[in-house]
Every structure is written in C-alpha cells, then in structure tokens.
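Trainee: Pasting target.cif below, which is mmCIF, C-alpha atoms.
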data_model
#
loop_
_atom_site.label_atom_id
_atom_site.label_comp_id
_atom_site.auth_asym_id
_atom_site.auth_seq_id
_atom_site.Cartn_x
_atom_site.Cartn_y
_atom_site.Cartn_z
CA MET V 62 0.00 0.00 0.00
CA SER V 63 1.39 3.40 -0.88
CA GLU V 64 2.00 6.02 1.76
CA ASP V 65 -1.27 7.50 2.97
CA ARG V 66 -0.80 11.27 3.29
CA ALA V 67 -4.42 12.37 3.61
CA PRO V 68 -5.60 14.06 6.80
CA HIS V 69 -6.94 11.52 9.24
CA THR V 70 -9.86 11.65 11.59
CA LEU V 71 -9.97 9.79 14.86
CA ALA V 72 -11.88 6.88 13.33
CA ASP V 73 -10.71 3.48 14.56
CA PRO V 74 -10.17 1.35 11.42
CA ALA V 75 -11.30 -1.86 13.15
CA LYS V 76 -14.57 -0.36 14.41
CA ALA V 77 -15.21 1.36 11.09
CA GLY V 78 -14.60 -1.91 9.25
CA LEU V 79 -17.04 -3.79 11.49
CA ARG V 80 -19.69 -1.19 10.64
CA GLY V 81 -18.89 -1.37 6.90
CA ARG V 82 -17.40 2.11 6.78
CA CYS V 83 -14.18 3.55 5.36
CA PRO V 84 -11.17 2.62 7.52
CA ARG V 85 -9.67 6.12 7.14
CA CYS V 86 -12.55 8.53 7.75
CA GLY V 87 -15.16 6.23 9.27
CA ASP V 88 -17.98 7.84 7.28
CA GLY V 89 -17.88 6.63 3.66
CA ARG V 90 -19.26 3.26 2.62
CA LEU V 91 -16.84 0.35 2.35
CA PHE V 92 -19.16 -1.95 0.39
CA SER V 93 -21.07 -1.20 -2.80
CA GLY V 94 -23.02 -4.47 -2.53
CA PHE V 95 -23.45 -7.06 0.18
CA LEU V 96 -19.83 -8.24 -0.01
CA THR V 97 -18.56 -6.24 -3.00
CA VAL V 98 -15.99 -3.64 -2.01
CA ALA V 99 -16.53 -0.18 -3.49
CA PRO V 100 -13.78 1.26 -5.72
CA CYS V 101 -13.13 4.19 -3.36
CA CYS V 102 -14.55 6.00 -0.35
CA SER V 103 -17.42 8.33 -1.17
CA ASN V 104 -16.36 10.72 1.61
CA CYS V 105 -12.54 10.96 1.66
CA ASP V 106 -11.72 9.37 -1.74
CA LEU V 107 -9.46 6.67 -0.26
CA ASP V 108 -8.65 4.26 -3.10
CA TYR V 109 -9.64 0.72 -2.04
CA ALA V 110 -7.27 -0.90 -4.55
CA PHE V 111 -5.09 -2.14 -1.66
CA ILE V 112 -7.88 -4.30 -0.27
CA ASP V 113 -7.44 -8.05 -0.40
CA SER V 114 -9.18 -9.84 2.46
CA GLY V 115 -8.89 -13.21 0.70
CA ASP V 116 -10.57 -16.20 2.33
CA GLY V 117 -9.84 -15.13 5.90
CA PRO V 118 -13.36 -13.94 6.79
CA ALA V 119 -14.95 -17.12 5.39
CA VAL V 120 -12.60 -19.33 7.39
CA PHE V 121 -13.43 -17.53 10.64
CA VAL V 122 -17.16 -17.73 9.90
CA ILE V 123 -16.92 -21.46 9.23
CA LEU V 124 -15.05 -22.04 12.48
CA ILE V 125 -17.26 -19.84 14.68
CA ILE V 126 -20.68 -20.74 13.27
CA GLY V 127 -19.69 -24.38 12.79
CA PHE V 128 -18.76 -24.64 16.46
CA ILE V 129 -22.08 -23.12 17.55
CA VAL V 130 -24.36 -25.05 15.18
CA VAL V 131 -22.65 -28.43 15.56
CA GLY V 132 -22.62 -28.03 19.34
CA LEU V 133 -26.33 -27.24 19.43
CA ALA V 134 -27.15 -30.05 17.00
CA LEU V 135 -25.23 -32.58 19.09
CA TRP V 136 -26.90 -31.35 22.27
CA LEU V 137 -30.34 -31.65 20.68
CA GLU V 138 -29.60 -35.12 19.33
CA VAL V 139 -28.39 -36.41 22.70
CA THR V 140 -31.16 -34.87 24.81
CA VAL V 141 -34.21 -35.20 22.53
CA GLY V 142 -33.24 -37.44 19.60
CA PRO V 143 -35.49 -35.82 16.97
CA PRO V 144 -35.87 -37.17 13.42
CA LEU V 145 -33.45 -36.01 10.73
CA TRP V 146 -35.91 -33.59 9.13
CA VAL V 147 -36.04 -31.58 12.36
CA HIS V 148 -32.28 -31.10 12.19
CA PHE V 149 -32.55 -29.84 8.60
CA LEU V 150 -35.41 -27.55 9.55
CA LEU V 151 -33.49 -26.03 12.46
CA TRP V 152 -29.84 -25.92 11.52
CA LEU V 153 -29.80 -24.92 7.86
CA PRO V 154 -31.73 -21.66 8.37
CA LEU V 155 -29.83 -20.91 11.58
CA THR V 156 -26.52 -21.38 9.78
CA LEU V 157 -27.53 -18.91 7.05
CA ILE V 158 -29.02 -16.39 9.50
CA LEU V 159 -25.83 -16.37 11.58
CA SER V 160 -23.28 -16.64 8.77
CA LEU V 161 -24.25 -13.88 6.37
CA PRO V 162 -24.09 -10.86 8.72
CA LEU V 163 -20.97 -12.21 10.40
CA LEU V 164 -19.25 -12.66 7.03
CA ARG V 165 -19.80 -9.01 6.09
CA SER V 166 -18.65 -7.78 9.51
CA LEU V 167 -15.52 -9.91 9.54
CA LYS V 168 -14.63 -8.88 5.98
CA GLY V 169 -14.90 -5.24 7.02
CA LEU V 170 -12.84 -5.92 10.14
CA MET V 171 -10.07 -7.59 8.15
CA ILE V 172 -10.02 -4.70 5.68
CA GLY V 173 -9.84 -2.19 8.54
CA LEU V 174 -6.97 -4.06 10.16
CA GLN V 175 -5.22 -4.35 6.81
CA TYR V 176 -5.43 -0.56 6.46
CA LYS V 177 -4.37 0.10 10.05
CA HIS V 178 -1.24 -2.05 9.80
CA GLN V 179 -0.50 -1.02 6.18
CA ALA V 180 -0.48 -4.64 5.07
CA SER V 181 0.35 -5.24 1.46
CA GLU V 182 1.34 -8.02 -0.89
CA GLY V 183 4.54 -9.78 0.10
CA ARG V 184 7.66 -9.13 -1.96
CA LEU V 185 11.07 -10.72 -2.08
CA ASP V 186 14.07 -8.41 -1.92
CA ARG V 187 16.85 -9.73 -4.09
CA ASP V 188 20.30 -8.29 -4.16
CA GLY V 189 21.38 -8.09 -7.66
#
The structure given in the file should be rewritten as structure tokens.
Mentor:
Amino acid sequence: MSEDRAPHTLADPAKAGLRGRCPRCGDGRLFSGFLTVAPCCSNCDLDYAFIDSGDGPAVFVILIIGFIVVGLALWLEVTVGPPLWVHFLLWLPLTLILSLPLLRSLKGLMIGLQYKHQASEGRLDRDG
C-alpha cells in the first residue's frame, strides 16, 4: 500500500470496518453491494485498490458458526433425539441467519486491520 498522506480523523479502522465504513474517515461506505468492495470512499476518496481480504473472513465464519451449530445439533440429538428432518429444519436456516451478517462484519474488520497495519502483498528483496 502506498504512503497515505491524507488528513486523518480519529476513526478506529477496526470499528469502522465492522460497521462497513471507510477505515480512514469512518464515514464513507466500504461496500457497494453485500460483499462487494466499493472502488473508493465516497467521503474521503481513499482508493480501495489495496484491499485483499482473501478467504480469511470465510474461514473464521466457518469455524465460529460451525462450532455453535454443531454443538447445538449434538446437544439436541443427545437430549431429545429428533428425526433427521427436524435437524434440517433447524440448523440450515440458523446457519444462514448467523453466517451472512458475520461474514460481512468480519470482511470489514479484516479490511480495517489491513489498512491500520498497512499490510500489502509480500515481496522478495533480491540483491542483484
């Protein structure tokens, strides 16, 4: 990421990212769609070309929501022992309801932390 010389506000990049806002100013929108990152901030014109959250948010969502849903499904199976259709009726919608908002929040958080720590693509320095 190139050197950021724009005037900064006191916005915390992690909190702004969780809310889906620009990591620099905290006011502009970070996303143009549900998970699509906008080309730049509508408020401070920060270019979002540096953003690359990769698969990190999806991995954390799988681990967190998987732990919750599998734990609840095992508890229900051991205590009540319902038929299989009850499990499908309960756990599939719950997984979607919990996963989608968490995915957007974690993607924003990772982008905010990437901005805060000026993370960029790795490069090899070769003497030559």
Trainee: Step by step, work through what the PyMOL selection byres ((chain V and resi 134) around 12) selects in the shown file, and finish by giving those residues as number ranges by chain.
Mentor: V: 126-133, 135-145, 147-153, 155-156
Trainee: Which is closer to Gly115 (chain V) than all the others in V:Met171, V:Cys102, V:Arg165, V:Leu79, using all atoms listed in the file?
Mentor: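 Checking each of V:Met171, V:Cys102, V:Arg165, V:Leu79 against Gly115 (chain V), counting all atoms listed in the file, the winner is V:Met171.
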Trainee: Within 7 Å of (-22.3, -18.6, 11.2) (file coordinates; all atoms listed in the file), which protein or nucleic acid residues are there? I'd like them as a list in words.
Mentor: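 Residues with an atom at most 7 Å from (-22.3, -18.6, 11.2): Val122, Ile123, Ile125, Ile126, Gly127, Thr156, Leu157, Leu159, Ser160 and Leu163 of chain V.
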Trainee: Between CA of Ala75 (chain V) and CA of Gly173 (chain V), what is the distance, to one decimal in Å?
Mentor: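 Computing it gives 4.8 Å between the two atoms.
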Trainee: When you look at Leu91 (chain V) with a cut-off of 12 Å (counting all atoms listed in the file), what residues show up, excluding the ones that are within fewer than 2 positions of it in the same chain? I need them as a count of residues only.
Mentor: 41
Trainee: Tell me, in Å to one decimal, how far CA of Ala119 (chain V) is from CA of Pro162 (chain V).
Mentor: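 Taking CA of Ala119 (chain V) as the start and CA of Pro162 (chain V) as the end point, the length is 11.6 Å.
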Trainee: CA of Val120 (chain V) and CA of Leu161 (chain V), how far apart in Å?
Mentor: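 Computing it gives 12.9 Å between the two atoms.
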Trainee: Using only C-alpha atoms, find the one residue out of V:Leu164, V:Ile158, V:Ala180, V:Leu174 that sits nearest to Lys76 (chain V).
Mentor: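 Ranked by minimum distance to Lys76 (chain V), first place goes to V:Leu174.
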